[in-house]
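Enquirer: Just protein-v5.cif, nothing more (mmCIF, C-alpha atoms):
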```
data_work
#
loop_
_atom_site.label_atom_id
_atom_site.label_comp_id
_atom_site.auth_asym_id
_atom_site.auth_seq_id
_atom_site.Cartn_x
_atom_site.Cartn_y
_atom_site.Cartn_z
CA MET Y 1 0.00 0.00 0.00
CA ILE Y 2 2.84 2.37 0.91
CA ILE Y 3 4.66 1.57 -2.31
CA ALA Y 4 1.51 2.11 -4.38
CA GLY Y 5 0.94 5.33 -2.44
CA ILE Y 6 4.40 6.59 -3.31
CA LYS Y 7 4.14 5.57 -6.98
CA TYR Y 8 0.72 7.12 -7.59
CA GLY Y 9 1.31 9.98 -5.19
CA VAL Y 10 4.19 11.25 -7.31
CA LEU Y 11 2.02 11.05 -10.43
CA VAL Y 12 -0.75 12.95 -8.65
CA ALA Y 13 1.76 15.64 -7.60
CA ILE Y 14 3.03 15.96 -11.19
CA ALA Y 15 -0.56 16.15 -12.47
CA ARG Y 16 -1.36 18.85 -9.94
CA TYR Y 17 1.57 21.01 -11.04
CA MET Y 18 0.65 20.43 -14.68
CA TYR Y 19 -2.84 21.68 -13.87
CA LEU Y 20 -1.40 24.72 -12.10
CA SER Y 21 0.90 25.54 -14.99
CA ILE Y 22 -2.00 25.20 -17.46
CA GLN Y 23 -4.17 27.32 -15.19
CA SER Y 24 -1.52 30.05 -15.12
CA LEU Y 25 -1.70 30.12 -18.91
CA SER Y 26 -5.47 30.71 -18.94
CA GLY Y 27 -6.39 33.86 -20.71
CA GLN Y 28 -3.05 33.96 -22.47
CA VAL Y 29 -3.17 30.89 -24.70
CA THR Y 30 -5.73 28.32 -25.81
CA VAL Y 31 -5.42 24.55 -25.43
CA ALA Y 32 -4.74 24.21 -29.14
CA SER Y 33 -1.96 26.78 -29.04
CA ILE Y 34 -0.42 25.03 -26.00
CA VAL Y 35 -0.18 21.81 -27.99
CA VAL Y 36 1.10 23.62 -31.08
CA ASN Y 37 3.67 25.58 -29.10
CA LEU Y 38 4.86 22.50 -27.19
CA LEU Y 39 5.34 20.44 -30.31
CA GLY Y 40 6.39 23.34 -32.54
CA LYS Y 41 9.19 24.53 -30.26
CA LEU Y 42 10.90 21.14 -30.29
CA GLY Y 43 14.07 21.09 -32.33
CA ILE Y 44 15.16 18.19 -34.53
CA SER Y 45 17.38 16.75 -31.79
CA GLN Y 46 14.54 16.89 -29.25
CA TRP Y 47 12.15 15.24 -31.71
CA ALA Y 48 14.74 12.55 -32.36
CA ALA Y 49 15.20 12.03 -28.60
CA TRP Y 50 11.44 11.70 -28.05
CA VAL Y 51 11.04 9.30 -30.96
CA PHE Y 52 14.06 7.27 -29.79
CA GLY Y 53 12.75 7.11 -26.20
CA GLY Y 54 9.25 6.18 -27.27
CA GLY Y 55 10.60 3.59 -29.69
CA CYS Y 56 12.76 2.01 -27.00
CA LEU Y 57 9.76 1.82 -24.67
CA MET Y 58 7.65 0.10 -27.31
CA TYR Y 59 10.49 -2.30 -28.14
CA ALA Y 60 10.96 -3.18 -24.45
CA GLN Y 61 7.23 -3.83 -24.03
CA ARG Y 62 7.17 -6.11 -27.08
CA GLN Y 63 10.23 -8.01 -25.86
CA ARG Y 64 8.63 -8.42 -22.45
CA LYS Y 65 5.45 -9.80 -23.98
CA LEU Y 66 7.50 -12.13 -26.16
CA ARG Y 67 9.36 -13.43 -23.13
CA HIS Y 68 6.14 -14.02 -21.21
CA ASP Y 69 4.69 -15.86 -24.21
CA SER Y 70 7.85 -17.99 -24.29
CA ASN Y 71 7.54 -18.67 -20.55
CA GLU Y 72 3.97 -19.83 -21.04
CA HIS Y 73 4.93 -22.21 -23.80
CA GLN Y 74 8.17 -23.57 -22.30
CA GLY Y 75 7.13 -23.48 -18.65
CA THR Y 76 4.11 -25.71 -19.10
CA ARG Y 77 6.20 -28.23 -21.01
CA VAL Y 78 9.04 -28.25 -18.46
CA SER Y 79 6.58 -28.67 -15.56
CA LYS Y 80 5.00 -31.72 -17.19
CA LEU Y 81 8.38 -33.30 -17.93
CA GLU Y 82 9.59 -32.65 -14.39
CA GLU Y 83 6.41 -34.18 -12.96
CA ARG Y 84 7.23 -37.41 -14.78
CA ILE Y 85 10.50 -37.58 -12.86
CA ASP Y 86 9.32 -36.10 -9.54
CA GLU Y 87 5.59 -36.63 -8.96
CA LYS Y 88 5.63 -34.49 -5.83
CA ARG Y 89 7.21 -31.56 -7.61
CA SER Y 90 6.38 -28.30 -5.81
CA SER Y 91 5.41 -25.14 -7.67
CA SER Y 92 6.09 -21.45 -7.21
CA LYS Y 93 2.37 -20.76 -7.83
CA LEU Y 94 3.08 -18.06 -10.39
CA THR Y 95 0.86 -17.79 -13.46
CA THR Y 96 1.79 -19.78 -16.57
CA ARG Y 97 3.35 -16.57 -17.93
CA GLY Y 98 5.70 -16.33 -14.95
CA GLN Y 99 3.93 -13.37 -13.35
CA THR Y 100 2.61 -12.84 -9.85
CA ASN Y 101 -0.58 -14.76 -9.19
CA PRO Y 102 -3.47 -12.28 -8.97
CA ARG Y 103 -4.45 -13.82 -5.64
CA ASP Y 104 -1.02 -12.87 -4.26
CA GLU Y 105 -1.12 -9.28 -5.42
CA ILE Y 106 -1.57 -6.64 -2.74
CA MET R 1 3.94 33.50 -15.37
CA ASN R 2 4.30 34.26 -19.06
CA ALA R 3 3.33 31.81 -21.78
CA ASP R 4 6.88 30.63 -22.48
CA THR R 5 7.62 29.84 -18.86
CA GLY R 6 4.32 28.04 -18.50
CA LEU R 7 4.97 25.93 -21.59
CA PHE R 8 8.49 25.17 -20.41
CA ALA R 9 7.11 24.04 -17.02
CA LEU R 10 4.51 21.88 -18.77
CA SER R 11 7.00 20.16 -21.05
CA THR R 12 9.34 19.56 -18.09
CA LEU R 13 6.52 18.00 -16.07
CA ILE R 14 5.53 15.73 -18.98
CA SER R 15 9.17 14.54 -19.21
CA LEU R 16 9.27 14.01 -15.44
CA ALA R 17 6.08 11.93 -15.59
CA GLY R 18 7.66 9.80 -18.32
CA LEU R 19 10.85 9.37 -16.28
CA TRP R 20 8.86 8.44 -13.19
CA PHE R 21 6.91 5.81 -15.17
CA LEU R 22 10.24 4.39 -16.36
CA VAL R 23 11.73 4.20 -12.85
CA ALA R 24 8.68 3.22 -10.78
CA TRP R 25 7.06 0.79 -13.23
CA CYS R 26 9.26 -0.31 -16.13
CA TYR R 27 12.50 -0.72 -14.15
CA ARG R 28 10.61 -2.53 -11.37
CA TRP R 29 9.01 -4.95 -13.87
CA TYR R 30 12.43 -5.62 -15.42
CA ARG R 31 14.13 -6.27 -12.04
CA VAL R 32 11.38 -8.66 -10.87
CA ASP R 33 11.46 -10.58 -14.16
CA LEU R 34 15.26 -10.75 -14.06
CA PHE R 35 15.27 -12.01 -10.46
CA ARG R 36 12.64 -14.66 -11.23
CA HIS R 37 14.56 -15.81 -14.29
CA ARG R 38 17.76 -16.25 -12.28
CA VAL R 39 16.04 -18.09 -9.45
CA PHE R 40 14.30 -20.34 -11.98
CA VAL R 41 17.75 -21.16 -13.37
CA LEU R 42 18.94 -22.06 -9.85
CA ARG R 43 15.85 -24.15 -9.22
CA ALA R 44 16.37 -25.99 -12.50
CA GLU R 45 19.98 -26.65 -11.48
CA LEU R 46 18.73 -28.05 -8.16
CA PHE R 47 16.22 -30.27 -9.98
CA ASP R 48 18.87 -31.50 -12.43
CA PHE R 49 21.20 -32.29 -9.53
CA ALA R 50 18.48 -34.41 -7.94
CA ALA R 51 17.55 -36.00 -11.28
CA ASP R 52 21.22 -36.98 -11.73
CA GLU R 53 20.94 -38.72 -8.34
CA GLY R 54 23.10 -36.20 -6.54
CA ILE R 55 20.40 -36.01 -3.87
CA PRO R 56 17.07 -37.85 -3.49
CA PHE R 57 13.95 -35.84 -4.32
CA ALA R 58 12.52 -36.87 -0.97
CA HIS R 59 15.53 -35.57 0.99
CA PRO R 60 14.60 -32.77 3.42
CA ALA R 61 17.47 -30.58 2.19
CA TYR R 62 16.08 -30.70 -1.35
CA GLY R 63 12.57 -29.92 -0.17
CA ASN R 64 13.69 -27.08 2.13
CA LEU R 65 15.71 -25.35 -0.55
CA ARG R 66 13.13 -25.83 -3.28
CA TYR R 67 10.34 -24.45 -1.11
CA ALA R 68 12.52 -21.47 -0.16
CA MET R 69 13.15 -20.79 -3.86
CA ASN R 70 9.43 -21.12 -4.58
CA GLY R 71 8.71 -18.58 -1.85
CA PHE R 72 11.20 -16.07 -3.26
CA LEU R 73 9.78 -16.60 -6.76
CA ARG R 74 6.21 -16.16 -5.61
CA PHE R 75 6.82 -12.93 -3.75
CA ALA R 76 9.67 -11.53 -5.85
CA ASP R 77 7.72 -8.33 -6.42
CA ARG R 78 7.71 -7.68 -2.66
CA ILE R 79 11.48 -7.87 -2.15
CA GLY R 80 12.49 -4.31 -1.45
CA LEU R 81 13.43 -1.76 1.18
CA ILE R 82 9.96 -0.66 2.27
CA ASN R 83 8.57 -4.18 2.40
CA ALA R 84 11.65 -5.36 4.29
CA LEU R 85 11.14 -2.61 6.90
CA MET R 86 7.49 -3.57 7.27
CA VAL R 87 8.17 -7.31 7.36
CA ALA R 88 11.17 -7.09 9.74
CA PRO R 89 9.01 -7.18 12.93
CA LEU R 90 7.10 -10.13 11.46
CA THR R 91 10.24 -12.19 10.82
CA ARG R 92 11.09 -11.98 14.49
CA ARG R 93 7.81 -13.68 15.27
CA VAL R 94 8.33 -16.36 12.61
CA ASP R 95 10.79 -18.92 13.89
CA SER R 96 13.40 -18.62 11.13
CA LYS R 97 16.00 -20.20 13.41
CA ALA R 98 14.00 -23.43 13.27
CA TRP R 99 14.26 -23.44 9.45
CA LYS R 100 18.00 -22.87 9.63
CA GLN R 101 18.39 -25.66 12.16
CA ASP R 102 16.32 -28.01 9.96
CA TRP R 103 18.48 -27.06 6.99
CA GLU R 104 21.73 -27.67 8.82
CA ASP R 105 20.47 -30.99 10.21
CA ALA R 106 19.39 -32.02 6.70
CA VAL R 107 22.63 -31.12 4.88
CA ALA R 108 24.68 -32.77 7.63
CA THR R 109 23.27 -36.13 6.50
CA LEU R 110 24.49 -35.59 2.92
CA PRO R 111 27.83 -36.75 1.52
CA GLU R 112 30.52 -34.05 1.23
CA SER R 113 30.06 -33.30 -2.49
CA ALA R 114 26.27 -33.08 -2.23
CA ARG R 115 26.51 -30.89 0.87
CA GLU R 116 28.85 -28.48 -0.93
CA LYS R 117 26.54 -28.33 -3.93
CA MET R 118 23.49 -27.57 -1.79
CA GLN R 119 25.34 -24.92 0.23
CA ASN R 120 26.57 -23.38 -3.00
CA LEU R 121 23.04 -23.22 -4.41
CA ARG R 122 21.74 -21.63 -1.22
CA MET R 123 24.57 -19.07 -1.26
CA ARG R 124 23.84 -18.17 -4.90
CA LEU R 125 20.17 -17.79 -4.01
CA HIS R 126 21.13 -15.36 -1.24
CA ILE R 127 23.32 -13.41 -3.66
CA GLU R 128 20.38 -13.02 -6.06
CA VAL R 129 18.10 -11.95 -3.20
CA GLY R 130 20.69 -9.41 -2.03
CA LYS R 131 21.07 -8.04 -5.54
CA GLN R 132 17.31 -7.79 -5.94
CA PHE R 133 17.01 -6.06 -2.58
CA VAL R 134 19.56 -3.40 -3.46
CA LEU R 135 19.13 -3.01 -7.22
CA GLY R 136 15.35 -3.42 -7.13
CA SER R 137 14.95 -0.25 -5.08
CA PRO R 138 15.76 3.08 -6.77
CA ILE R 139 16.19 4.67 -3.32
CA LEU R 140 18.83 2.14 -2.29
CA ILE R 141 20.55 2.46 -5.66
CA VAL R 142 20.90 6.21 -5.14
CA MET R 143 22.06 5.70 -1.54
CA LEU R 144 24.45 2.79 -1.97
CA VAL R 145 25.73 2.60 -5.53
CA PRO R 146 27.61 5.96 -5.72
CA PRO R 147 29.55 5.40 -2.44
CA LEU R 148 30.28 1.83 -3.55
CA LEU R 149 31.55 3.03 -6.93
CA LEU R 150 33.69 5.64 -5.18
CA PHE R 151 35.12 3.00 -2.89
CA ILE R 152 35.92 0.72 -5.83
CA LEU R 153 37.51 3.63 -7.73
CA GLN R 154 39.64 4.46 -4.69
CA LEU R 155 40.77 0.84 -4.39
CA VAL R 156 41.59 0.60 -8.07
CA GLY R 157 43.28 4.01 -7.96
CA LYS R 158 45.43 2.98 -5.00
CA LEU R 159 46.41 -0.27 -6.73
CA LEU R 160 47.34 1.56 -9.94
CA ILE R 161 49.27 4.25 -8.08
CA ASN R 162 51.16 1.64 -6.07
CA GLN R 163 52.07 -0.22 -9.23
CA ALA R 164 53.13 2.99 -10.99
CA VAL R 165 55.21 4.08 -8.02
CA LYS R 166 56.81 0.64 -7.79
CA GLY R 167 57.83 0.83 -11.41
CA LEU R 168 58.98 4.42 -11.03
CA ARG R 169 60.90 3.63 -7.87
CA SER R 170 62.90 0.93 -9.59
CA GLN R 171 63.69 3.28 -12.51
CA VAL R 172 64.75 6.10 -10.18
CA ALA R 173 66.90 3.63 -8.25
CA ALA R 174 68.53 2.51 -11.52
CA ALA R 175 69.22 6.13 -12.56
CA LEU R 176 70.70 6.97 -9.17
CA GLU R 177 72.87 3.85 -9.32
CA TYR R 178 74.14 4.97 -12.71
CA PHE R 179 74.98 8.50 -11.65
CA ALA R 180 75.86 8.17 -7.99
CA GLY R 181 77.08 4.61 -7.88
CA PRO R 182 80.56 5.39 -9.20
CA TYR R 183 81.05 7.79 -6.29
CA ASP R 184 80.55 5.00 -3.75
CA GLY R 185 84.14 3.86 -4.22
CA LEU R 186 85.46 7.39 -3.87
CA ALA R 187 83.33 8.06 -0.84
CA TYR R 188 84.56 4.84 0.68
CA ARG R 189 88.18 5.86 0.16
CA VAL R 190 87.49 9.32 1.57
CA GLY R 191 85.73 7.82 4.52
CA MET R 192 88.60 5.48 5.22
CA ALA R 193 91.33 8.12 4.80
CA PRO R 194 92.69 9.92 7.85
CA SER R 195 91.51 13.51 8.18
CA VAL R 196 93.21 15.83 5.65
CA PRO R 197 92.54 19.56 5.02
CA ALA R 198 91.31 20.32 1.42
CA LEU R 199 90.03 17.15 -0.03
CA ALA R 200 90.08 17.22 -3.83
CA PRO R 201 88.62 14.46 -5.91
CA ILE R 202 92.00 13.74 -7.47
CA GLY R 203 91.93 11.12 -10.15
CA PHE R 204 88.27 10.26 -9.76
CA HIS R 205 86.69 8.81 -12.83
CA ARG R 206 83.67 6.78 -13.79
CA ARG R 207 84.05 3.08 -13.50
#
```
How would this structure read if it were set down as structure tokens?
Expert:
Amino acid sequence: MIIAGIKYGVLVAIARYMYLSIQSLSGQVTVASIVVNLLGKLGISQWAAWVFGGGCLMYAQRQRKLRHDSNEHQGTRVSKLEERIDEKRSSSKLTTRGQTNPRDEI
Amino acid sequence: MNADTGLFALSTLISLAGLWFLVAWCYRWYRVDLFRHRVFVLRAELFDFAADEGIPFAHPAYGNLRYAMNGFLRFADRIGLINALMVAPLTRRVDSKAWKQDWEDAVATLPESAREKMQNLRMRLHIEVGKQFVLGSPILIVMLVPPLLLFILQLVGKLLINQAVKGLRSQVAAALEYFAGPYDGLAYRVGMAPSVPALAPIGFHRR
């Protein structure tokens, strides 16, 4: 609970300051001009950095999904083979994708 | 606040939100997955050891270690500084000494090679847990990693300096031997001679 509080609390704080900074702009600029100015003032290097960062994030997510898919396929097979050798084989009780069981999540 | 400052603040906050998502979510997911992968590798090694008849599957040492690994795998996402602080009072109530005693009694019944293997696996499990504890928490990384790096740099620096000085010392000694060494003989003769007024280095020459 504390960890979730810290994680979401920081996001809430950032959101609050974003709201305050947008509020301070009221009467001076419109929402559309905020978006245009934010994107328009980015130089080539900043665009490249944003695209690179976003691309890396997407790549990492795809790799993670691929690994979990592989866990699901391999893990089930390995468990069955191990059970042939050790019938009383104990399990970690994770999901077939190697993630925390929803019943164990806080 | 003028428009430019406001827009600058907004773009900075958007970047900060992205960074926070990376640190608090993405890095955490990566560390948990990495820890689980490594412990699965250890558990597979334990299973293979038993399958190769290094230890019976029914042996208490095998069961104890496997269940411990299963526990760490199951709650890998809870290994961290804040959880450790909250769980610390609880571990005092749980009789962990009894588990340790059971473990030691169990491995004592194993032959030497099997005992070493089991102790080695348990030690490697602890290393992974320690790494997860430190590297899984951004707060601990910020607190511990820079002083540790500094300490390592100091050690390496001292080693390099000592080696450099050792090499330099021997070269300086060789140079001094070359230039001052020939005077040893003269100094010896002067030292041995009875006291005379003006002592001139008559007839001195390099050897």
Enquirer: Please evaluate the PyMOL selection byres ((chain Y) within 6 of (chain R)) against the displayed coordinates and give the resulting residues as a list in words.
Expert: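 This file gives the following for the PyMOL selection byres ((chain Y) within 6 of (chain R)): Met18, Ser21 and Ser92 of chain Y.
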Enquirer: Could you please determine the separation between CA of Leu94 (chain Y) and CA of Leu125 (chain R) in Å, to one decimal place?
Expert: 18.2 Å
Enquirer: Evaluating the PyMOL selection byres ((chain Y and resi 95) around 12) on the displayed file yields which residues, as a ChimeraX atom specification?
Expert: /Y:68-69,71-73,75-76,91-94,96-105 /R:73-74
Enquirer: Show which residues sit within 7 Å of region 100-107 of chain R, as a list of chain:residue names. Count only C-alpha atoms, and ignore same-chain residues fewer than 4 positions away.
Expert: R:Pro60, R:Ala61, R:Asn64, R:Ser96, R:Arg115
Enquirer: For CA of Glu53 (chain R) and CA of Lys88 (chain Y), determine how far apart the two atoms are, in Å to one decimal place.
Expert: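 Those two atoms sit 16.1 Å apart.
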Enquirer: Could you tell me how far CA of Ile6 (chain Y) sits from CA of Leu25 (chain Y), in Å to one decimal place?
Expert: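 It comes out at 28.9 Å.
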